[in-house]
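Working notes, beginning with the structure itself.
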Amino acid sequence: MQKKRSADPGDSKMMVAARQRFLNAGHYQPIADALSRTVLAELPTNTTASCLDAGCGEGYYLRQLRTAAGGDGHSLALMGLDISKWAVLSAAKQAATISPWANWVVGSNANLPVLSNTLNGLLCIFGFPVYSEFARVLKPGSILYQVDTGPDHLRELRDIIYPRIRPARTVEPQQPAEFTHRSSISIHYRLTLTDTAAIADLLAMTPHLYRTTAEGRAKASALTTLEVTVDAILSRFERH
Ligand SMILES: C[S@@+](CC[C@H](N)C(=O)[O-])C[C@H]1O[C@@H](n2cnc3c(N)ncnc32)[C@H](O)[C@@H]1O
């Protein structure tokens with residue numbers, strides 16, 4: 001999915017469009033709410049707090065953070081970065097309908113266009129963390145907020161599209177050398193999708209679209225309703 005050496009790296013135009021529709025429909029709102037609550041509880045309020053979303057996709061979680069910060073006295077300097085030009089284009093377009101409130105950059109987590117020791121917070125949501133680089137840009141004592149899939153994530157969809165029940169592909173948050181693990185919480189809920197388009201978007205925004213077979217994709221596209229588990233883990237890592 002990263003295709004870093006390709007002329008068109010990262011998520012494709014089609015994946016970005018699917019994720020934009022799916023997220024804007026609110027299906028992952030509980031994840032955004034938990035993230036915004038957690039981040040805003042500890043970003044400084046006595047100064048403009050700088051926060052980077054590394055692998056921001058089409059910008060949903062930064063838009064949600066900005067909305068949540070609206071009334072609570074936070075002044076935020078936000079940047080969204082993604083290796084996919086399609087993702088950054090979509091994020092910038094959607095942000096422009098509000099007002100220019102964030103910088104959107106095409107770039108790689110491996111080489112962030114950010115000065116060392118300057119950020120108050122960094123988000124990496126279902127992304128590709130490069131801890132040494134994250135540590136370089138965060139101020140000591142600042143927090144990396146990482147969201148990964150838990151073992152039950154989209155279990156029912158996986159059961160339908162794969163011929164045998166596959167062991168869960170859990171991404172256990174590691175203990176990166178430059179960070180201290182502070183906490184992890186689970187965001188676990190049932191989601192009911194009642195139309196074929198939303199189910200197709202969910203499949204298209206995940207790597208399952210490419211991992212499954214043509215038969216698996218056909219089974220998914222025949223669904224008119226799907227009850228599926230969302231299982232995400234939000235971890236906080238403090239920069240030493
Ligand atoms: C699963 S998507 C998650 C997007 C967004 N965080 C969200 O949850 O909606 C992973 C994103 O990481 C981007 N990506 C992949 N490799 C990257 C890299 N090396 N640096 C920055 N972004 C990368 C992809 O283009 C894609 O937008």
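Labels for the structure tokens follow display order: chains A, B, ..., residues from 1 in each chain, ligands from 1.
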
Taking only C-alpha atoms and all ligand atoms into account, which residues are within 9 Å of ligand 1, as number ranges by chain?
A: 1-4, 9-12, 15-16, 19-20, 23, 53-61, 81-88, 106-112, 123-130, 147, 205-207

Residues near range 221-238 of chain A, cut-off 6 Å, only C-alpha atoms, skip fewer than 3 positions along chain, as a PyMOL selection string
chain A and resi 141-150+152-154+156+179-196+218

Grab the residues selected above and save them as a compact mmCIF listing (two decimals), in the first residue's frame with C-alpha atoms.
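File again.txt, as written:
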```
# COMPACT_ATOMS: atom_id res chain seq x y z
CA GLY A 141 7.80 15.34 27.40
CA SER A 142 5.36 15.62 24.47
CA ILE A 143 3.12 12.79 23.39
CA LEU A 144 2.80 10.55 20.34
CA TYR A 145 -0.83 9.41 19.98
CA GLN A 146 -0.99 6.18 18.01
CA VAL A 147 -4.15 4.37 16.88
CA ASP A 148 -3.87 0.76 15.70
CA THR A 149 -6.35 -2.00 14.92
CA GLY A 150 -7.24 -4.40 17.73
CA ASP A 152 -11.55 -7.91 16.67
CA HIS A 153 -11.36 -5.11 14.12
CA LEU A 154 -13.77 -5.80 11.22
CA GLU A 156 -17.27 -10.12 10.65
CA PHE A 179 9.49 6.84 24.10
CA THR A 180 7.86 5.65 27.32
CA HIS A 181 4.48 3.93 26.92
CA ARG A 182 2.01 5.85 29.09
CA SER A 183 -1.38 4.24 28.39
CA SER A 184 -3.52 2.31 25.94
CA ILE A 185 -7.30 2.32 25.74
CA SER A 186 -9.58 0.16 23.63
CA ILE A 187 -12.34 1.70 21.49
CA HIS A 188 -14.65 -1.20 20.80
CA TYR A 189 -18.18 -0.98 19.35
CA ARG A 190 -20.61 -2.52 16.87
CA LEU A 191 -21.32 -0.70 13.64
CA THR A 192 -24.30 -1.43 11.40
CA LEU A 193 -23.93 -0.57 7.73
CA THR A 194 -27.20 -0.68 5.86
CA ASP A 195 -26.21 0.01 2.29
CA THR A 196 -24.01 -1.62 -0.31
CA ALA A 218 -17.82 -10.63 -4.87
```

Atomic separation - CA of Phe134 in chain A relative to CA of Thr97 in chain A, Å:
29.7 Å

Contacts of Leu40 in chain A at 8 Å (only C-alpha atoms; same-chain gap of 3+ positions) as a list in words
Ser36, Arg37, Leu43, Ala69 and His74 of chain A

Would you mind reading off the distance between CA of Pro140 in chain A and CA of Thr47 in chain A, one decimal, in Å?
16.4 Å

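Counting only C-alpha atoms and comparing A:Arg155, A:Arg136, A:Arg239, A:Arg21, the residue that lies closest to Ser116 in chain A is A:Arg136.
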
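If you measure from each of A:Leu78, A:Ala197, A:Leu115, A:Leu203 to Ala95 in chain A using only C-alpha atoms, the closest one turns out to be A:Leu78.
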
What parts of range 11-223 of chain A does DSSP call strand (DSSP E or B)? I'd like the answer as a PDB file with N, CA, C and O atoms, in the first residue's frame.
```
ATOM      1  N   ALA A  49      -0.419  25.509  20.510  1.00  0.00           N
ATOM      2  CA  ALA A  49       0.103  24.136  20.559  1.00  0.00           C
ATOM      3  C   ALA A  49       0.220  23.593  19.140  1.00  0.00           C
ATOM      4  O   ALA A  49      -0.725  23.668  18.356  1.00  0.00           O
ATOM      5  N   SER A  50       1.391  23.050  18.804  1.00  0.00           N
ATOM      6  CA  SER A  50       1.605  22.530  17.456  1.00  0.00           C
ATOM      7  C   SER A  50       1.437  21.019  17.447  1.00  0.00           C
ATOM      8  O   SER A  50       1.940  20.314  18.326  1.00  0.00           O
ATOM      9  N   CYS A  51       0.711  20.545  16.437  1.00  0.00           N
ATOM     10  CA  CYS A  51       0.401  19.111  16.383  1.00  0.00           C
ATOM     11  C   CYS A  51       0.421  18.651  14.931  1.00  0.00           C
ATOM     12  O   CYS A  51      -0.177  19.289  14.064  1.00  0.00           O
ATOM     13  N   LEU A  52       1.118  17.549  14.671  1.00  0.00           N
ATOM     14  CA  LEU A  52       1.234  16.981  13.321  1.00  0.00           C
ATOM     15  C   LEU A  52       0.458  15.668  13.261  1.00  0.00           C
ATOM     16  O   LEU A  52       0.565  14.849  14.171  1.00  0.00           O
ATOM     17  N   ASP A  53      -0.319  15.488  12.168  1.00  0.00           N
ATOM     18  CA  ASP A  53      -0.910  14.182  11.882  1.00  0.00           C
ATOM     19  C   ASP A  53      -0.065  13.542  10.779  1.00  0.00           C
ATOM     20  O   ASP A  53      -0.111  13.980   9.620  1.00  0.00           O
ATOM     21  N   ALA A  54       0.724  12.534  11.140  1.00  0.00           N
ATOM     22  CA  ALA A  54       1.669  11.913  10.211  1.00  0.00           C
ATOM     23  C   ALA A  54       0.994  10.720   9.535  1.00  0.00           C
ATOM     24  O   ALA A  54       0.753   9.698  10.171  1.00  0.00           O
ATOM     25  N   LEU A  76      -4.399  26.211  18.210  1.00  0.00           N
ATOM     26  CA  LEU A  76      -3.665  25.083  17.627  1.00  0.00           C
ATOM     27  C   LEU A  76      -2.976  25.476  16.326  1.00  0.00           C
ATOM     28  O   LEU A  76      -3.544  26.198  15.504  1.00  0.00           O
ATOM     29  N   ALA A  77      -1.768  24.997  16.122  1.00  0.00           N
ATOM     30  CA  ALA A  77      -1.084  25.082  14.833  1.00  0.00           C
ATOM     31  C   ALA A  77      -1.005  23.657  14.308  1.00  0.00           C
ATOM     32  O   ALA A  77      -0.272  22.829  14.863  1.00  0.00           O
ATOM     33  N   LEU A  78      -1.790  23.348  13.268  1.00  0.00           N
ATOM     34  CA  LEU A  78      -1.938  21.957  12.835  1.00  0.00           C
ATOM     35  C   LEU A  78      -1.299  21.724  11.476  1.00  0.00           C
ATOM     36  O   LEU A  78      -1.362  22.582  10.593  1.00  0.00           O
ATOM     37  N   MET A  79      -0.702  20.541  11.323  1.00  0.00           N
ATOM     38  CA  MET A  79      -0.177  20.133  10.021  1.00  0.00           C
ATOM     39  C   MET A  79      -0.572  18.690   9.760  1.00  0.00           C
ATOM     40  O   MET A  79      -0.458  17.829  10.636  1.00  0.00           O
ATOM     41  N   GLY A  80      -1.067  18.442   8.525  1.00  0.00           N
ATOM     42  CA  GLY A  80      -1.351  17.077   8.094  1.00  0.00           C
ATOM     43  C   GLY A  80      -0.379  16.710   6.992  1.00  0.00           C
ATOM     44  O   GLY A  80      -0.173  17.495   6.056  1.00  0.00           O
ATOM     45  N   LEU A  81       0.220  15.535   7.108  1.00  0.00           N
ATOM     46  CA  LEU A  81       1.200  15.084   6.108  1.00  0.00           C
ATOM     47  C   LEU A  81       0.838  13.684   5.652  1.00  0.00           C
ATOM     48  O   LEU A  81       0.458  12.844   6.464  1.00  0.00           O
ATOM     49  N   ASP A  82       0.952  13.450   4.355  1.00  0.00           N
ATOM     50  CA  ASP A  82       0.705  12.102   3.837  1.00  0.00           C
ATOM     51  C   ASP A  82       1.557  11.903   2.593  1.00  0.00           C
ATOM     52  O   ASP A  82       1.867  12.858   1.868  1.00  0.00           O
ATOM     53  N   ALA A 102      -5.022  24.848   8.640  1.00  0.00           N
ATOM     54  CA  ALA A 102      -3.949  23.853   8.825  1.00  0.00           C
ATOM     55  C   ALA A 102      -3.072  23.858   7.583  1.00  0.00           C
ATOM     56  O   ALA A 102      -3.490  24.317   6.523  1.00  0.00           O
ATOM     57  N   ASN A 103      -1.857  23.352   7.721  1.00  0.00           N
ATOM     58  CA  ASN A 103      -0.976  23.154   6.561  1.00  0.00           C
ATOM     59  C   ASN A 103      -1.068  21.694   6.149  1.00  0.00           C
ATOM     60  O   ASN A 103      -1.040  20.798   7.004  1.00  0.00           O
ATOM     61  N   TRP A 104      -1.156  21.469   4.849  1.00  0.00           N
ATOM     62  CA  TRP A 104      -1.273  20.098   4.324  1.00  0.00           C
ATOM     63  C   TRP A 104      -0.104  19.848   3.391  1.00  0.00           C
ATOM     64  O   TRP A 104       0.129  20.631   2.459  1.00  0.00           O
ATOM     65  N   VAL A 105       0.630  18.776   3.631  1.00  0.00           N
ATOM     66  CA  VAL A 105       1.902  18.561   2.962  1.00  0.00           C
ATOM     67  C   VAL A 105       1.999  17.130   2.436  1.00  0.00           C
ATOM     68  O   VAL A 105       1.646  16.178   3.147  1.00  0.00           O
ATOM     69  N   VAL A 106       2.489  16.997   1.193  1.00  0.00           N
ATOM     70  CA  VAL A 106       2.837  15.671   0.685  1.00  0.00           C
ATOM     71  C   VAL A 106       4.265  15.370   1.148  1.00  0.00           C
ATOM     72  O   VAL A 106       5.177  16.171   0.908  1.00  0.00           O
ATOM     73  N   LEU A 119       7.398  20.098  18.198  1.00  0.00           N
ATOM     74  CA  LEU A 119       5.972  19.756  18.256  1.00  0.00           C
ATOM     75  C   LEU A 119       5.501  19.446  19.679  1.00  0.00           C
ATOM     76  O   LEU A 119       6.219  18.812  20.457  1.00  0.00           O
ATOM     77  N   ASN A 120       4.257  19.860  19.965  1.00  0.00           N
ATOM     78  CA  ASN A 120       3.634  19.521  21.247  1.00  0.00           C
ATOM     79  C   ASN A 120       2.869  18.199  21.190  1.00  0.00           C
ATOM     80  O   ASN A 120       2.518  17.635  22.231  1.00  0.00           O
ATOM     81  N   GLY A 121       2.561  17.726  19.992  1.00  0.00           N
ATOM     82  CA  GLY A 121       1.832  16.461  19.872  1.00  0.00           C
ATOM     83  C   GLY A 121       1.970  15.916  18.467  1.00  0.00           C
ATOM     84  O   GLY A 121       2.195  16.673  17.512  1.00  0.00           O
ATOM     85  N   LEU A 122       1.862  14.598  18.344  1.00  0.00           N
ATOM     86  CA  LEU A 122       1.965  13.970  17.017  1.00  0.00           C
ATOM     87  C   LEU A 122       0.972  12.810  16.958  1.00  0.00           C
ATOM     88  O   LEU A 122       0.899  11.996  17.885  1.00  0.00           O
ATOM     89  N   LEU A 123       0.167  12.772  15.889  1.00  0.00           N
ATOM     90  CA  LEU A 123      -0.815  11.702  15.712  1.00  0.00           C
ATOM     91  C   LEU A 123      -0.330  10.741  14.638  1.00  0.00           C
ATOM     92  O   LEU A 123       0.191  11.174  13.602  1.00  0.00           O
ATOM     93  N   CYS A 124      -0.520   9.450  14.865  1.00  0.00           N
ATOM     94  CA  CYS A 124      -0.245   8.447  13.828  1.00  0.00           C
ATOM     95  C   CYS A 124      -1.399   7.438  13.892  1.00  0.00           C
ATOM     96  O   CYS A 124      -1.448   6.590  14.791  1.00  0.00           O
ATOM     97  N   ILE A 125      -2.341   7.582  12.977  1.00  0.00           N
ATOM     98  CA  ILE A 125      -3.618   6.858  13.074  1.00  0.00           C
ATOM     99  C   ILE A 125      -3.702   5.825  11.965  1.00  0.00           C
ATOM    100  O   ILE A 125      -3.742   6.184  10.772  1.00  0.00           O
ATOM    101  N   LEU A 138       9.362  15.871  18.059  1.00  0.00           N
ATOM    102  CA  LEU A 138       8.579  16.152  19.275  1.00  0.00           C
ATOM    103  C   LEU A 138       9.461  16.800  20.345  1.00  0.00           C
ATOM    104  O   LEU A 138      10.624  16.422  20.530  1.00  0.00           O
ATOM    105  N   LYS A 139       8.871  17.739  21.087  1.00  0.00           N
ATOM    106  CA  LYS A 139       9.578  18.279  22.248  1.00  0.00           C
ATOM    107  C   LYS A 139       9.658  17.196  23.322  1.00  0.00           C
ATOM    108  O   LYS A 139       8.702  16.424  23.486  1.00  0.00           O
ATOM    109  N   PRO A 140      10.731  17.164  24.093  1.00  0.00           N
ATOM    110  CA  PRO A 140      10.794  16.208  25.202  1.00  0.00           C
ATOM    111  C   PRO A 140       9.568  16.389  26.115  1.00  0.00           C
ATOM    112  O   PRO A 140       9.151  17.515  26.384  1.00  0.00           O
ATOM    113  N   GLY A 141       8.985  15.287  26.536  1.00  0.00           N
ATOM    114  CA  GLY A 141       7.799  15.339  27.397  1.00  0.00           C
ATOM    115  C   GLY A 141       6.497  15.380  26.611  1.00  0.00           C
ATOM    116  O   GLY A 141       5.421  15.247  27.184  1.00  0.00           O
ATOM    117  N   SER A 142       6.584  15.574  25.286  1.00  0.00           N
ATOM    118  CA  SER A 142       5.365  15.618  24.469  1.00  0.00           C
ATOM    119  C   SER A 142       4.944  14.203  24.079  1.00  0.00           C
ATOM    120  O   SER A 142       5.701  13.255  24.229  1.00  0.00           O
ATOM    121  N   ILE A 143       3.727  14.118  23.548  1.00  0.00           N
ATOM    122  CA  ILE A 143       3.115  12.787  23.389  1.00  0.00           C
ATOM    123  C   ILE A 143       2.883  12.438  21.923  1.00  0.00           C
ATOM    124  O   ILE A 143       2.404  13.265  21.136  1.00  0.00           O
ATOM    125  N   LEU A 144       3.209  11.186  21.594  1.00  0.00           N
ATOM    126  CA  LEU A 144       2.801  10.555  20.336  1.00  0.00           C
ATOM    127  C   LEU A 144       1.508   9.786  20.610  1.00  0.00           C
ATOM    128  O   LEU A 144       1.466   8.945  21.514  1.00  0.00           O
ATOM    129  N   TYR A 145       0.451  10.108  19.854  1.00  0.00           N
ATOM    130  CA  TYR A 145      -0.834   9.412  19.984  1.00  0.00           C
ATOM    131  C   TYR A 145      -0.950   8.457  18.802  1.00  0.00           C
ATOM    132  O   TYR A 145      -0.995   8.900  17.651  1.00  0.00           O
ATOM    133  N   GLN A 146      -0.981   7.173  19.095  1.00  0.00           N
ATOM    134  CA  GLN A 146      -0.988   6.184  18.011  1.00  0.00           C
ATOM    135  C   GLN A 146      -2.262   5.355  18.083  1.00  0.00           C
ATOM    136  O   GLN A 146      -2.620   4.846  19.150  1.00  0.00           O
ATOM    137  N   VAL A 147      -2.950   5.221  16.946  1.00  0.00           N
ATOM    138  CA  VAL A 147      -4.148   4.374  16.882  1.00  0.00           C
ATOM    139  C   VAL A 147      -3.851   3.197  15.958  1.00  0.00           C
ATOM    140  O   VAL A 147      -3.378   3.374  14.831  1.00  0.00           O
ATOM    141  N   ASP A 148      -4.089   1.993  16.478  1.00  0.00           N
ATOM    142  CA  ASP A 148      -3.871   0.764  15.703  1.00  0.00           C
ATOM    143  C   ASP A 148      -5.123  -0.099  15.764  1.00  0.00           C
ATOM    144  O   ASP A 148      -5.983   0.104  16.627  1.00  0.00           O
ATOM    145  N   THR A 149      -5.203  -1.082  14.874  1.00  0.00           N
ATOM    146  CA  THR A 149      -6.349  -1.995  14.924  1.00  0.00           C
ATOM    147  C   THR A 149      -6.154  -3.010  16.043  1.00  0.00           C
ATOM    148  O   THR A 149      -5.041  -3.481  16.283  1.00  0.00           O
ATOM    149  N   PHE A 179      10.764   6.494  23.457  1.00  0.00           N
ATOM    150  CA  PHE A 179       9.486   6.839  24.101  1.00  0.00           C
ATOM    151  C   PHE A 179       9.218   5.950  25.316  1.00  0.00           C
ATOM    152  O   PHE A 179       9.726   4.840  25.404  1.00  0.00           O
ATOM    153  N   THR A 180       8.380   6.457  26.218  1.00  0.00           N
ATOM    154  CA  THR A 180       7.855   5.649  27.315  1.00  0.00           C
ATOM    155  C   THR A 180       6.360   5.454  27.076  1.00  0.00           C
ATOM    156  O   THR A 180       5.637   6.442  26.872  1.00  0.00           O
ATOM    157  N   HIS A 181       5.908   4.199  27.098  1.00  0.00           N
ATOM    158  CA  HIS A 181       4.481   3.927  26.917  1.00  0.00           C
ATOM    159  C   HIS A 181       3.719   4.409  28.144  1.00  0.00           C
ATOM    160  O   HIS A 181       4.023   4.012  29.264  1.00  0.00           O
ATOM    161  N   ARG A 182       2.748   5.289  27.949  1.00  0.00           N
ATOM    162  CA  ARG A 182       2.010   5.854  29.089  1.00  0.00           C
ATOM    163  C   ARG A 182       0.661   5.199  29.301  1.00  0.00           C
ATOM    164  O   ARG A 182       0.227   5.008  30.436  1.00  0.00           O
ATOM    165  N   SER A 183      -0.067   4.885  28.214  1.00  0.00           N
ATOM    166  CA  SER A 183      -1.379   4.244  28.393  1.00  0.00           C
ATOM    167  C   SER A 183      -1.866   3.709  27.054  1.00  0.00           C
ATOM    168  O   SER A 183      -1.408   4.149  25.998  1.00  0.00           O
ATOM    169  N   SER A 184      -2.794   2.759  27.132  1.00  0.00           N
ATOM    170  CA  SER A 184      -3.518   2.305  25.936  1.00  0.00           C
ATOM    171  C   SER A 184      -4.968   2.103  26.330  1.00  0.00           C
ATOM    172  O   SER A 184      -5.247   1.519  27.386  1.00  0.00           O
ATOM    173  N   ILE A 185      -5.885   2.596  25.497  1.00  0.00           N
ATOM    174  CA  ILE A 185      -7.301   2.317  25.737  1.00  0.00           C
ATOM    175  C   ILE A 185      -7.881   1.652  24.491  1.00  0.00           C
ATOM    176  O   ILE A 185      -7.390   1.856  23.380  1.00  0.00           O
ATOM    177  N   SER A 186      -8.927   0.855  24.732  1.00  0.00           N
ATOM    178  CA  SER A 186      -9.580   0.165  23.630  1.00  0.00           C
ATOM    179  C   SER A 186     -10.867   0.917  23.266  1.00  0.00           C
ATOM    180  O   SER A 186     -11.629   1.307  24.144  1.00  0.00           O
ATOM    181  N   ILE A 187     -11.073   1.109  21.980  1.00  0.00           N
ATOM    182  CA  ILE A 187     -12.340   1.705  21.494  1.00  0.00           C
ATOM    183  C   ILE A 187     -13.020   0.596  20.707  1.00  0.00           C
ATOM    184  O   ILE A 187     -12.557   0.207  19.628  1.00  0.00           O
ATOM    185  N   HIS A 188     -14.080   0.055  21.288  1.00  0.00           N
ATOM    186  CA  HIS A 188     -14.653  -1.201  20.802  1.00  0.00           C
ATOM    187  C   HIS A 188     -16.161  -1.011  20.693  1.00  0.00           C
ATOM    188  O   HIS A 188     -16.817  -0.725  21.686  1.00  0.00           O
ATOM    189  N   TYR A 189     -16.727  -1.133  19.488  1.00  0.00           N
ATOM    190  CA  TYR A 189     -18.179  -0.981  19.349  1.00  0.00           C
ATOM    191  C   TYR A 189     -18.664  -1.710  18.097  1.00  0.00           C
ATOM    192  O   TYR A 189     -17.876  -2.080  17.232  1.00  0.00           O
ATOM    193  N   ARG A 190     -19.996  -1.872  18.033  1.00  0.00           N
ATOM    194  CA  ARG A 190     -20.613  -2.521  16.872  1.00  0.00           C
ATOM    195  C   ARG A 190     -21.128  -1.444  15.935  1.00  0.00           C
ATOM    196  O   ARG A 190     -21.734  -0.464  16.355  1.00  0.00           O
ATOM    197  N   LEU A 191     -20.907  -1.664  14.658  1.00  0.00           N
ATOM    198  CA  LEU A 191     -21.321  -0.698  13.639  1.00  0.00           C
ATOM    199  C   LEU A 191     -22.238  -1.422  12.673  1.00  0.00           C
ATOM    200  O   LEU A 191     -21.921  -2.522  12.221  1.00  0.00           O
ATOM    201  N   THR A 192     -23.394  -0.815  12.366  1.00  0.00           N
ATOM    202  CA  THR A 192     -24.302  -1.434  11.396  1.00  0.00           C
ATOM    203  C   THR A 192     -24.301  -0.609  10.115  1.00  0.00           C
ATOM    204  O   THR A 192     -24.637   0.578  10.156  1.00  0.00           O
ATOM    205  N   LEU A 193     -23.909  -1.236   9.036  1.00  0.00           N
ATOM    206  CA  LEU A 193     -23.928  -0.569   7.728  1.00  0.00           C
ATOM    207  C   LEU A 193     -25.122  -1.120   6.963  1.00  0.00           C
ATOM    208  O   LEU A 193     -25.266  -2.334   6.830  1.00  0.00           O
TER     209      LEU A 193
END
```

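Interatomic distance, CA of Tyr162 in chain A against CA of Tyr28 in chain A: 23.4 Å.
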
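Comparing A:Pro176, A:Lys93, A:Glu42, A:Asp33 by their smallest distance to Ala68 in chain A, the closest is A:Asp33 (using only C-alpha atoms).
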